Number of protein chains: 2
Amino acid sequence: MADIARLAGVSVSTVSRALAGSSLVNEATRLRVAELARSLNYTINVGAQNLRLKQNRTIAVVVPYDPATRQHLSDPFFLSLIGSLADALTDRGYEMLVSRVDVNRLDLAAQSYEAGRAAGIVLVGQWHHHEQLNELAVRGVPLVVWGAQLPGQAYATVGSDNVAGGQQMTRHLIERGARRIAFMGDTALEEIGQRHRGYLQALAEARLQADPALTRQVPFETAAIEHAVETLLADGTDFDALFCASDLMAMTAIGALQRLGRRVPQQLRVGGYDDIALAAHYHPSLTTVRQPIEAAGEQLVAALLEQLDGARPASRQLLTELVLRDSSR
Amino acid sequence: MADIARLAGVSVSTVSRALAGSSLVNEATRLRVAELARSLNYTINVGAQNLRLKQNRTIAVVVPYDPATRQHLSDPFFLSLIGSLADALTDRGYEMLVSRVDVNRLDLAAQSYEAGRAAGIVLVGQWHHHEQLNELAVRGVPLVVWGAQLPGQAYATVGSDNVAGGQQMTRHLIERGARRIAFMGDTALEEIGQRHRGYLQALAEARLQADPALTRQVPFETAAIEHAVETLLADGTDFDALFCASDLMAMTAIGALQRLGRRVPQQLRVGGYDDIALAAHYHPSLTTVRQPIEAAGEQLVAALLEQLDGARPASRQLLTELVLRDSSR
DNA sequence: TTGAAAGCGCTAACAT
DNA sequence: ATGTTAGCGCTTTCAA
C-alpha cells in the first residue's frame with residue numbers, strides 16, 4: 001500500500017480509502033490508485049485489515065474425530081456438508097478454515113475463535129457432547145452445530161427433522177407390507193435416537209408391536225455393520241425389512257446381505273438415511289430419507305451469521321423427504 | 001497479553017517471551033505467566049503474530065469448480081482428498097483455508113497467497129489449465145497441484161501413476177479373458193488421458209487391436225454416463241469389458257447396465273479407478289485401481305512445505321494398486 | 001532477566 | 001479531497 005501511495009503521489013490513507021471505495025476520494029485519484037493496484041498485482045493484507053478492524057470474515061468449520069477408532073473425515077454425508085458449507089460461505093464472502101479436533105477435547109474447537117482467527121464456529125457433528133457444547137455457548141462462542149435439537153440447549157443446531165424422517169421411512173416400509181422392521185444404528189447418538197423415536201412412533205401408529213430384538217445398536221464401522229447383519233441372520237430373528245441409520249450403513253448392510261444370499265428387495269426391503277449422491281446409483285438403488293445438503297450448508301451459515309449480528313442462537317430444522325427407489329420395491 | 005502483563009506485574013515483552021518459551025525469562029515468571037494465561041483462557045492472536053513475524057502457518061486448499069456445469073465439490077474422491085489434506089496439515093501444525101474458485105479464473109487461486117492469507121496453495125485438480133498454473137508458478141507462488149505430470153511444467157504435481165494404473169486395470173481385464181475392452185472417460189483431462197495411454201499400452205502388449213470405437217469421451221456427469229452406456233449398447237458395439245475413468249463413473253455405469261438387463265460381471269466385467277470407500281461395499285463390489293488417498297494428502301503437503309523451505313518445486317508420483325473385487329470376476 | 005520502543009500493514013478519527 | 005497520527009496485538013532489537 002505504501003508503494004502504491006508513493007507511485008500515485010498520495011498518502012496511504014488515500015490509497016486505503018480509494019481501495020475501500022470511499023466517497024471521500026476524488027474519482028480521478030481513485031481510478032489511478034485502482035489501476036496501480038491492479039498492475040502491481042496488489043491485494044490487501046487481510047490479516048492486517050482484520051487486526052485493525054477487529055473484524056473477521058473467516059469461519060472455522062470444525063470436524064470432530066474419534067482418535068480411538070481413528071475415524072477421520074470419511075462419511076460422504078459429512079464430506080458433502082463441508083462442500084456445501086464452502087459454497088455457502090464463499091457466496092457470502094467468508095473464508096472457511098477447516099480443522100479437525102479430538103471429540104474428547106471439543107473445548108479446543110473454540111480456539112480459533114478465541115485466538116481471533118475466526119468469527120465463529122460451525123461444528124460438523126454433535127456426537128455425545130451436548131454438555132461441552134453448552135459450555136462453549138455459555139462462554140459466548142458464536143457456535144452452530146449440525147445435529148439434533150435437545151432440551152436445554154444453549155447453542156444453535158441445524159439438522160433435519162430426524163423424528164419425522166424416521167417416521168417417513170418406517171411408514172413407507174409398513175405400507176410396502178413390512179411387519180417386522182429391524183432398525184440399525186447407534187441410538188445413543190441424538191440424531192439416531194430421534195430417528196429411532198420416529199420409527200417407534202410409526203410402528204405404534206400402525207398398531208405394530210415394537211420388538212426390542214429388532215433394534216440393533218451398531219456404530220458406523222464397516223466391520224460392526226457386517227457383523228450385525230450376520231448376527232441378525234444367524235440368531236434367527238424374524239424380520240422382513242431393515243431401516244439403517246445412514247446410507248453408508250445401508251449400502252454396507254445390503255452388500256453383506258447379498259453375500260449371505262439374501263435378495264434385496266425381493267426377500268428384504270432396506271431403507272437408508274441421508275440420500276448421498278451414490279444412493280441413486282447403487283444397485284439396487286437405495287430408498288432413503290433425504291437430508292437437504294445444500295440447504296444444510298446455507299442454514300448453518302445463516303444461523304451463525306445471525307449470531308454474529310447479535311441475535312440469540314436460534315436452531316432450525318430442515319424438512320426431510322422420502323426418496324423412493326428400488327431397495328424397498 | 002496486556003492483561004496478563006498487568007496481572008503478572010511484568011511487561012508485555014516478558015509475557016511474549018514467556019509464552020514463546022524463551023530461555024531469557026526467569027522460570028518462576030514463566031510459570032506465573034503460563035498459569036495466568038491458562039486461567040484467563042488466553043490464546044495468542046495468530047493474525048497479529050503473523051503480521052509481526054511475516055510468517056504464516058496457513059495453507060490454502062483451492063478447489064476449482066466449473067460454473068457452467070455448476071459442478072461443485074461432490075466427487076467422493078476429491079472430498080476425501082480434502083479430508084486427507086486436513087489431517088496432514090493439522091499434523092504438521094498448519095491451518096487449512098478452503099475455497100473454491102472458478103476454473104476459468106485460476107489466477108485467483110493465488111490471491112490468498114498474495115494477500116498474505118496463506119503461505120502456499122494446494123490446488124485440488126488440474127483440469128485443462130496447465131498454462132495458467134505455469135504462470136502462477138513462474139510468478140513465484142508456492143503451489144502444488146493434484147494431477148498429472150506434464151512436460152515443461154514449472155509447478156509441482158502430486159498424483160498417482162496414471163499410465164501404470166491404466167495398464168494394471170487393462171492387463172487384469174485381459175487376463176480375465178476380455179478381448180474388447182471399452183474405455184470411458186474424458187481423455188482431454190490429462191490424468192484420464194494418461195490412464196487411457198496405459199490402457200492402449202496394455203492392449204498393445206497383449207497384441208490386441210485397439211478399436212477407436214471402444215473409447216468413449218464421457219465427462220463426469222450422471223446423465224452423460226448413462227447416455228454413453230445406452231449408446232454403447234444401442235449402437236451394437238461389440239465389447240466384453242468396460243474400464244471407467246473413476247469409481248463414481250463405474251458405479252453409475254453399472255447401475256445403467258443393470259437397468260438395461262446386463263449382468264456384471266457375468267456378461268460384462270467392469271473396472272473403476274480411485275478406490276473410494278464405497279467401492280468395497282458396492283454390489284457387485286468394484287474392482288478398481290487404488291489411489292492412495294492418505295499418502296496423497298501427506299505428499300501434497302510435503303511437496304508444498306519443501307517449496308516453502310526454498311526448494312525447487314518437485315513433483316511426485318504415487319504408486320497405484322490394483323484392487324480385485326467382484327465386478328471383474 | 002527485564003522493560004521501552006519501534007514497527008508489521010492497515011483504517012479512521014481528526015485536522016486541514 | 002487529502003494528509004497526519006494513533007493504534008489493532010504481537011515480537012524483537014536495544015538498553016538497562
# chains A, B, ... in the order shown; residues from 1 in each chain; ligands from 1
call {"tool": "closest_atom_pairs", "arguments": {"of": "chain D", "to": "chain A", "cutoff": "12 Å", "atoms": "only C-alpha atoms (C1' of nucleotides)", "output": "JSON lines"}}
result
{"residue": "D:DA1", "atom": "C1'", "partner": "A:Val25", "partner_atom": "CA", "distance": 5.9}
{"residue": "D:DT2", "atom": "C1'", "partner": "A:Thr14", "partner_atom": "CA", "distance": 6.8}
{"residue": "D:DG3", "atom": "C1'", "partner": "A:Ser11", "partner_atom": "CA", "distance": 6.5}
{"residue": "D:DT4", "atom": "C1'", "partner": "A:Ser13", "partner_atom": "CA", "distance": 9.5}
{"residue": "D:DT5", "atom": "C1'", "partner": "A:Ser13", "partner_atom": "CA", "distance": 10.9}
{"residue": "D:DA6", "atom": "C1'", "partner": "A:Arg52", "partner_atom": "CA", "distance": 11.6}
{"residue": "D:DG7", "atom": "C1'", "partner": "A:Arg52", "partner_atom": "CA", "distance": 8.1}
{"residue": "D:DC8", "atom": "C1'", "partner": "A:Arg52", "partner_atom": "CA", "distance": 4.3}
{"residue": "D:DG9", "atom": "C1'", "partner": "A:Leu51", "partner_atom": "CA", "distance": 7.6}
{"residue": "D:DC10", "atom": "C1'", "partner": "A:Leu51", "partner_atom": "CA", "distance": 10.5}
call {"tool": "interface_residues", "arguments": {"of": "chain B", "to": "chain A", "cutoff": "9 Å", "atoms": "only C-alpha atoms", "output": "ChimeraX atom specification"}}
result
/B:41-48,50-51,72-76,79-80,82-84,86-87,89-90,95-100,111-112,114-117,248,251-256,258,277-278,280-285
call {"tool": "calpha_fit_and_write", "arguments": {"fixed": "chain A", "moving": "chain B", "output": "CSV table (one decimal) with C-alpha atoms, in the first residue's frame"}}
result
chain,number,residue,atom,x,y,z
B,1,MET,CA,0.1,-0.1,-0.1
B,2,ALA,CA,3.0,2.1,0.5
B,3,ASP,CA,4.4,1.3,-2.9
B,4,ILE,CA,1.1,2.3,-4.5
B,5,ALA,CA,1.0,5.5,-2.5
B,6,ARG,CA,4.5,6.4,-3.7
B,7,LEU,CA,3.8,5.6,-7.3
B,8,ALA,CA,0.5,7.4,-7.2
B,9,GLY,CA,2.1,10.4,-5.4
B,10,VAL,CA,-0.4,10.3,-2.6
B,11,SER,CA,-0.4,9.1,1.0
B,12,VAL,CA,-1.2,5.6,2.2
B,13,SER,CA,-4.4,6.9,3.8
B,14,THR,CA,-5.6,8.1,0.5
B,15,VAL,CA,-4.8,4.7,-1.0
B,16,SER,CA,-6.6,3.0,1.7
B,17,ARG,CA,-9.6,5.1,1.2
B,18,ALA,CA,-9.5,4.8,-2.6
B,19,LEU,CA,-9.3,1.0,-2.3
B,20,ALA,CA,-12.2,0.9,0.2
B,21,GLY,CA,-14.2,3.0,-2.2
B,22,SER,CA,-14.6,5.9,0.2
B,23,SER,CA,-16.5,8.9,-1.2
B,24,LEU,CA,-14.0,11.2,0.4
B,25,VAL,CA,-11.5,10.6,-2.4
B,26,ASN,CA,-11.3,12.3,-5.7
B,27,GLU,CA,-12.6,10.2,-8.6
B,28,ALA,CA,-9.5,10.7,-10.6
B,29,THR,CA,-7.2,9.6,-7.8
B,30,ARG,CA,-9.4,6.7,-7.0
B,31,LEU,CA,-9.1,5.5,-10.6
B,32,ARG,CA,-5.4,6.0,-10.7
B,33,VAL,CA,-4.9,4.1,-7.5
B,34,ALA,CA,-7.2,1.3,-8.6
B,35,GLU,CA,-5.3,1.0,-11.9
B,36,LEU,CA,-2.0,0.9,-10.1
B,37,ALA,CA,-3.2,-1.7,-7.7
B,38,ARG,CA,-4.4,-3.9,-10.5
B,39,SER,CA,-1.1,-3.5,-12.4
B,40,LEU,CA,0.9,-4.3,-9.4
B,41,ASN,CA,-1.2,-7.3,-8.7
B,42,TYR,CA,-1.9,-5.9,-5.3
B,43,THR,CA,-4.3,-7.5,-2.9
B,44,ILE,CA,-5.0,-6.2,0.5
B,45,ASN,CA,-3.5,-8.0,3.5
B,46,VAL,CA,-6.5,-9.4,5.2
B,47,GLY,CA,-4.6,-10.2,8.4
B,48,ALA,CA,-3.6,-6.7,8.9
B,49,GLN,CA,-7.0,-5.4,7.9
B,50,ASN,CA,-8.6,-7.7,10.4
B,51,LEU,CA,-6.2,-6.7,13.1
B,52,ARG,CA,-7.0,-3.1,12.6
B,53,LEU,CA,-10.7,-3.4,12.2
B,54,LYS,CA,-11.1,-6.2,14.8
B,55,GLN,CA,-13.3,-7.7,12.2
B,56,ASN,CA,-13.1,-11.1,10.8
B,57,ARG,CA,-14.6,-12.7,7.8
B,58,THR,CA,-13.4,-16.2,8.5
B,59,ILE,CA,-15.5,-19.0,9.8
B,60,ALA,CA,-14.0,-22.1,11.4
B,61,VAL,CA,-15.6,-25.4,10.3
B,62,VAL,CA,-14.6,-28.0,12.9
B,63,VAL,CA,-14.9,-31.7,12.3
B,64,PRO,CA,-14.8,-33.8,15.5
B,65,TYR,CA,-12.9,-37.0,15.2
B,66,ASP,CA,-12.6,-40.0,17.4
B,67,PRO,CA,-8.9,-40.8,18.0
B,68,ALA,CA,-9.9,-44.2,19.4
B,69,THR,CA,-11.5,-45.5,16.2
B,70,ARG,CA,-9.2,-43.2,14.1
B,71,GLN,CA,-12.4,-42.5,12.3
B,72,HIS,CA,-11.5,-39.5,10.2
B,73,LEU,CA,-13.4,-37.4,7.9
B,74,SER,CA,-14.8,-40.1,5.7
B,75,ASP,CA,-18.6,-40.3,5.6
B,76,PRO,CA,-19.7,-38.9,2.3
B,77,PHE,CA,-22.5,-37.1,4.0
B,78,PHE,CA,-20.2,-35.0,6.2
B,79,LEU,CA,-17.8,-34.6,3.4
B,80,SER,CA,-20.6,-33.2,1.2
B,81,LEU,CA,-21.8,-31.0,4.1
B,82,ILE,CA,-18.3,-29.4,4.1
B,83,GLY,CA,-18.6,-28.9,0.3
B,84,SER,CA,-22.0,-27.2,0.9
B,85,LEU,CA,-20.6,-25.1,3.6
B,86,ALA,CA,-17.7,-24.0,1.4
B,87,ASP,CA,-20.3,-22.9,-1.2
B,88,ALA,CA,-22.5,-21.1,1.3
B,89,LEU,CA,-19.6,-19.2,2.9
B,90,THR,CA,-17.9,-18.3,-0.4
B,91,ASP,CA,-21.2,-16.9,-1.6
B,92,ARG,CA,-21.4,-14.6,1.4
B,93,GLY,CA,-17.8,-13.5,1.2
B,94,TYR,CA,-16.6,-15.5,4.1
B,95,GLU,CA,-13.5,-17.7,4.2
B,96,MET,CA,-13.6,-21.2,5.6
B,97,LEU,CA,-11.0,-22.6,7.9
B,98,VAL,CA,-11.3,-26.3,8.3
B,99,SER,CA,-9.9,-28.2,11.2
B,100,ARG,CA,-10.5,-31.5,13.0
B,101,VAL,CA,-10.5,-31.8,16.7
B,102,ASP,CA,-10.5,-34.7,19.1
B,103,VAL,CA,-14.1,-35.4,20.2
B,104,ASN,CA,-12.9,-35.5,23.8
B,105,ARG,CA,-11.5,-32.0,23.6
B,106,LEU,CA,-14.3,-30.2,22.0
B,107,ASP,CA,-13.5,-27.2,24.0
B,108,LEU,CA,-10.5,-26.8,21.7
B,109,ALA,CA,-13.0,-26.2,18.9
B,110,ALA,CA,-13.4,-22.7,20.3
B,111,GLN,CA,-9.7,-21.9,20.0
B,112,SER,CA,-9.8,-20.4,16.6
B,113,TYR,CA,-12.5,-18.1,17.8
B,114,GLU,CA,-10.7,-17.1,20.9
B,115,ALA,CA,-7.5,-16.7,19.1
B,116,GLY,CA,-9.3,-14.2,16.8
B,117,ARG,CA,-8.7,-16.5,13.9
B,118,ALA,CA,-12.4,-16.9,13.1
B,119,ALA,CA,-15.5,-15.0,13.8
B,120,GLY,CA,-17.5,-18.1,14.6
B,121,ILE,CA,-17.6,-21.8,14.6
B,122,VAL,CA,-19.6,-24.4,12.7
B,123,LEU,CA,-19.3,-27.8,14.2
B,124,VAL,CA,-20.0,-30.7,11.9
B,125,GLY,CA,-21.5,-33.4,14.1
B,126,GLN,CA,-22.8,-33.3,17.6
B,127,TRP,CA,-21.8,-36.7,18.9
B,128,HIS,CA,-22.4,-37.2,22.6
B,129,HIS,CA,-21.1,-33.9,23.7
B,130,HIS,CA,-24.1,-31.8,24.5
B,131,GLU,CA,-22.7,-30.6,27.8
B,132,GLN,CA,-19.4,-29.4,26.4
B,133,LEU,CA,-21.1,-27.6,23.6
B,134,ASN,CA,-23.4,-25.8,26.0
B,135,GLU,CA,-20.4,-24.6,27.9
B,136,LEU,CA,-18.9,-23.1,24.8
B,137,ALA,CA,-22.2,-21.4,24.0
B,138,VAL,CA,-22.4,-20.0,27.5
B,139,ARG,CA,-18.9,-18.7,27.2
B,140,GLY,CA,-20.2,-16.6,24.3
B,141,VAL,CA,-18.6,-18.5,21.5
B,142,PRO,CA,-20.7,-17.9,18.3
B,143,LEU,CA,-21.5,-21.5,17.5
B,144,VAL,CA,-23.7,-23.6,15.3
B,145,VAL,CA,-23.8,-27.3,15.4
B,146,TRP,CA,-25.1,-29.8,12.8
B,147,GLY,CA,-27.2,-32.2,14.8
B,148,ALA,CA,-30.3,-32.7,16.8
B,149,GLN,CA,-32.2,-30.2,18.8
B,150,LEU,CA,-32.1,-31.1,22.5
B,151,PRO,CA,-33.9,-29.7,25.6
B,152,GLY,CA,-32.0,-27.1,27.5
B,153,GLN,CA,-29.6,-26.3,24.7
B,154,ALA,CA,-27.7,-23.0,24.8
B,155,TYR,CA,-26.2,-23.4,21.3
B,156,ALA,CA,-27.9,-23.4,18.0
B,157,THR,CA,-28.3,-26.5,15.9
B,158,VAL,CA,-29.3,-27.0,12.4
B,159,GLY,CA,-30.4,-30.5,11.5
B,160,SER,CA,-33.1,-32.4,9.7
B,161,ASP,CA,-36.3,-33.4,11.4
B,162,ASN,CA,-35.0,-36.8,12.5
B,163,VAL,CA,-38.2,-38.0,14.1
B,164,ALA,CA,-40.2,-37.2,11.0
B,165,GLY,CA,-37.6,-38.8,8.9
B,166,GLY,CA,-37.6,-42.0,10.9
B,167,GLN,CA,-41.3,-42.0,10.7
B,168,GLN,CA,-41.5,-41.4,7.0
B,169,MET,CA,-39.2,-44.3,6.3
B,170,THR,CA,-40.9,-46.7,8.7
B,171,ARG,CA,-44.4,-45.8,7.4
B,172,HIS,CA,-43.2,-46.4,3.9
B,173,LEU,CA,-41.8,-49.8,4.8
B,174,ILE,CA,-45.1,-50.7,6.5
B,175,GLU,CA,-47.0,-49.6,3.5
B,176,ARG,CA,-44.9,-51.9,1.4
B,177,GLY,CA,-46.1,-54.8,3.5
B,178,ALA,CA,-43.3,-55.0,6.1
B,179,ARG,CA,-44.4,-56.1,9.5
B,180,ARG,CA,-41.2,-56.8,11.4
B,181,ILE,CA,-38.8,-54.0,10.6
B,182,ALA,CA,-35.3,-54.1,12.1
B,183,PHE,CA,-33.5,-50.8,13.0
B,184,MET,CA,-29.8,-50.5,12.8
B,185,GLY,CA,-27.8,-47.6,14.3
B,186,ASP,CA,-26.3,-46.2,17.4
B,187,THR,CA,-29.3,-44.7,19.2
B,188,ALA,CA,-27.0,-43.2,21.8
B,189,LEU,CA,-26.2,-40.5,19.2
B,190,GLU,CA,-29.0,-38.0,19.5
B,191,GLU,CA,-29.8,-37.8,15.8
B,192,ILE,CA,-30.0,-41.6,15.5
B,193,GLY,CA,-32.0,-41.7,18.7
B,194,GLN,CA,-34.6,-39.4,17.2
B,195,ARG,CA,-34.8,-41.4,14.0
B,196,HIS,CA,-35.4,-44.4,16.2
B,197,ARG,CA,-38.1,-42.5,18.0
B,198,GLY,CA,-39.8,-41.8,14.7
B,199,TYR,CA,-39.5,-45.5,13.9
B,200,LEU,CA,-41.3,-46.4,17.1
B,201,GLN,CA,-44.0,-43.9,16.6
B,202,ALA,CA,-44.7,-45.2,13.1
B,203,LEU,CA,-44.9,-48.7,14.4
B,204,ALA,CA,-47.3,-47.6,17.1
B,205,GLU,CA,-49.5,-45.7,14.6
B,206,ALA,CA,-49.8,-48.9,12.6
B,207,ARG,CA,-50.5,-50.9,15.8
B,208,LEU,CA,-47.5,-53.0,15.3
B,209,GLN,CA,-45.6,-54.4,18.2
B,210,ALA,CA,-42.1,-53.0,18.6
B,211,ASP,CA,-39.8,-55.9,19.3
B,212,PRO,CA,-36.6,-54.8,21.1
B,213,ALA,CA,-34.8,-57.6,19.5
B,214,LEU,CA,-35.2,-55.8,16.2
B,215,THR,CA,-33.3,-52.7,17.3
B,216,ARG,CA,-29.6,-53.3,16.9
B,217,GLN,CA,-27.0,-50.9,18.4
B,218,VAL,CA,-24.4,-50.6,15.7
B,219,PRO,CA,-21.7,-47.9,15.3
B,220,PHE,CA,-20.7,-46.5,12.0
B,221,GLU,CA,-18.0,-49.0,11.2
B,222,THR,CA,-17.8,-51.5,8.3
B,223,ALA,CA,-16.9,-54.5,10.4
B,224,ALA,CA,-19.5,-53.8,13.0
B,225,ILE,CA,-22.2,-53.4,10.4
B,226,GLU,CA,-21.3,-56.6,8.7
B,227,HIS,CA,-21.2,-58.4,12.0
B,228,ALA,CA,-24.6,-57.1,12.9
B,229,VAL,CA,-26.0,-58.4,9.7
B,230,GLU,CA,-24.5,-61.8,10.2
B,231,THR,CA,-25.8,-61.9,13.8
B,232,LEU,CA,-29.3,-60.8,12.7
B,233,LEU,CA,-29.4,-63.6,10.2
B,234,ALA,CA,-27.7,-66.2,12.4
B,235,ASP,CA,-29.7,-65.8,15.5
B,236,GLY,CA,-32.9,-66.5,13.7
B,237,THR,CA,-34.5,-63.2,14.3
B,238,ASP,CA,-37.6,-62.9,12.2
B,239,PHE,CA,-37.6,-59.7,10.1
B,240,ASP,CA,-38.8,-58.6,6.7
B,241,ALA,CA,-37.3,-55.1,6.4
B,242,LEU,CA,-34.2,-53.2,7.6
B,243,PHE,CA,-34.0,-49.5,8.3
B,244,CYS,CA,-30.4,-48.3,8.6
B,245,ALA,CA,-29.4,-45.0,10.2
B,246,SER,CA,-27.4,-43.9,7.2
B,247,ASP,CA,-27.0,-44.6,3.6
B,248,LEU,CA,-23.4,-45.8,4.0
B,249,MET,CA,-24.6,-48.2,6.7
B,250,ALA,CA,-27.5,-49.4,4.4
B,251,MET,CA,-25.1,-50.0,1.5
B,252,THR,CA,-22.7,-51.9,3.6
B,253,ALA,CA,-25.6,-53.9,5.1
B,254,ILE,CA,-27.0,-54.7,1.6
B,255,GLY,CA,-23.6,-55.8,0.5
B,256,ALA,CA,-23.4,-58.2,3.5
B,257,LEU,CA,-26.9,-59.4,3.0
B,258,GLN,CA,-26.3,-60.2,-0.7
B,259,ARG,CA,-23.1,-62.0,0.1
B,260,LEU,CA,-25.1,-64.1,2.5
B,261,GLY,CA,-27.6,-65.0,-0.2
B,262,ARG,CA,-30.5,-62.6,0.7
B,263,ARG,CA,-32.0,-60.7,-2.1
B,264,VAL,CA,-32.9,-57.0,-1.7
B,265,PRO,CA,-35.7,-56.0,-2.1
B,266,GLN,CA,-37.3,-59.3,-3.1
B,267,GLN,CA,-36.7,-61.0,0.3
B,268,LEU,CA,-35.9,-58.0,2.4
B,269,ARG,CA,-36.6,-54.3,1.9
B,270,VAL,CA,-34.0,-51.9,3.0
B,271,GLY,CA,-34.1,-48.2,3.7
B,272,GLY,CA,-31.3,-45.7,4.4
B,273,TYR,CA,-30.9,-42.2,5.6
B,274,ASP,CA,-29.1,-39.1,4.1
B,275,ASP,CA,-29.5,-39.6,0.3
B,276,ILE,CA,-25.9,-39.3,-0.5
B,277,ALA,CA,-25.0,-39.0,-4.2
B,278,LEU,CA,-24.3,-42.6,-4.6
B,279,ALA,CA,-27.7,-43.8,-3.2
B,280,ALA,CA,-29.3,-43.3,-6.6
B,281,HIS,CA,-26.6,-45.3,-8.4
B,282,TYR,CA,-26.3,-48.1,-6.0
B,283,HIS,CA,-27.7,-51.4,-7.1
B,284,PRO,CA,-30.4,-51.8,-6.0
B,285,SER,CA,-30.9,-48.0,-5.9
B,286,LEU,CA,-31.5,-47.0,-2.3
B,287,THR,CA,-34.7,-45.9,-0.9
B,288,THR,CA,-33.8,-43.3,1.7
B,289,VAL,CA,-34.6,-40.1,3.6
B,290,ARG,CA,-33.1,-37.1,2.1
B,291,GLN,CA,-31.3,-34.6,4.2
B,292,PRO,CA,-31.2,-31.5,2.0
B,293,ILE,CA,-27.5,-30.9,2.0
B,294,GLU,CA,-27.3,-27.6,0.1
B,295,ALA,CA,-29.9,-26.1,2.4
B,296,ALA,CA,-28.0,-27.5,5.3
B,297,GLY,CA,-24.9,-25.5,4.5
B,298,GLU,CA,-26.9,-22.4,3.9
B,299,GLN,CA,-28.9,-22.7,7.1
B,300,LEU,CA,-25.8,-23.4,9.2
B,301,VAL,CA,-24.2,-20.3,7.8
B,302,ALA,CA,-27.3,-18.2,8.1
B,303,ALA,CA,-27.8,-19.3,11.7
B,304,LEU,CA,-24.2,-18.4,12.6
B,305,LEU,CA,-24.2,-15.0,10.8
B,306,GLU,CA,-27.4,-14.1,12.7
B,307,GLN,CA,-25.5,-14.7,15.9
B,308,LEU,CA,-22.7,-12.5,14.7
B,309,ASP,CA,-25.3,-9.8,14.2
B,310,GLY,CA,-26.2,-10.1,17.8
B,311,ALA,CA,-29.2,-12.3,17.6
B,312,ARG,CA,-29.7,-15.1,20.1
B,313,PRO,CA,-28.8,-18.5,18.9
B,314,ALA,CA,-31.8,-20.0,17.1
B,315,SER,CA,-32.0,-23.6,15.9
B,316,ARG,CA,-33.6,-24.7,12.7
B,317,GLN,CA,-34.9,-27.9,11.4
B,318,LEU,CA,-34.9,-28.9,7.8
B,319,LEU,CA,-37.6,-30.9,6.1
B,320,THR,CA,-36.7,-34.4,5.1
B,321,GLU,CA,-38.0,-36.1,2.1
B,322,LEU,CA,-38.6,-39.7,1.4
B,323,VAL,CA,-36.9,-40.8,-1.8
B,324,LEU,CA,-38.4,-43.9,-3.2
B,325,ARG,CA,-36.1,-46.2,-5.1
B,326,ASP,CA,-35.6,-49.9,-5.7
B,327,SER,CA,-34.3,-51.2,-2.4
B,328,SER,CA,-37.8,-51.1,-0.9
B,329,ARG,CA,-39.7,-52.1,-4.0
call {"tool": "closest_atom_pairs", "arguments": {"of": "chain C", "to": "chain A", "cutoff": "12 Å", "atoms": "only C-alpha atoms (C1' of nucleotides)", "output": "CSV"}}
result
residue,atom,partner,partner_atom,distance
C:DC8,C1',A:Ala48,CA,8.3
C:DG9,C1',A:Ala48,CA,5.2
C:DC10,C1',A:Gln49,CA,5.1
C:DT11,C1',A:Arg52,CA,6.4
C:DA12,C1',A:Ser13,CA,9.1
C:DA13,C1',A:Ser13,CA,12.0
call {"tool": "select_by_dssp", "arguments": {"residues": "stretch 42-110 of chain A", "states": "strand (DSSP E)", "output": "list in words"}}
result
Thr58, Ile59, Ala60, Val61, Val62, Val63, Pro64, Tyr65, Glu95, Met96, Leu97, Val98, Ser99, Arg100, Val101 and Asp102 of chain A
call {"tool": "select_by_dssp", "arguments": {"residues": "stretch 40-268 of chain A", "states": "helix (DSSP H, G or I)", "output": "ChimeraX atom specification"}}
result
/A:46-53,76-91,103-114,130-138,162-175,190-205,212-214,222-234,247-259
call {"tool": "residues_around", "arguments": {"residues": "D:DA16", "least_positions_apart": "6", "cutoff": "12 Å", "atoms": "only C-alpha atoms (C1' of nucleotides)", "output": "PyMOL selection string"}}
result
chain C and resi 1-4
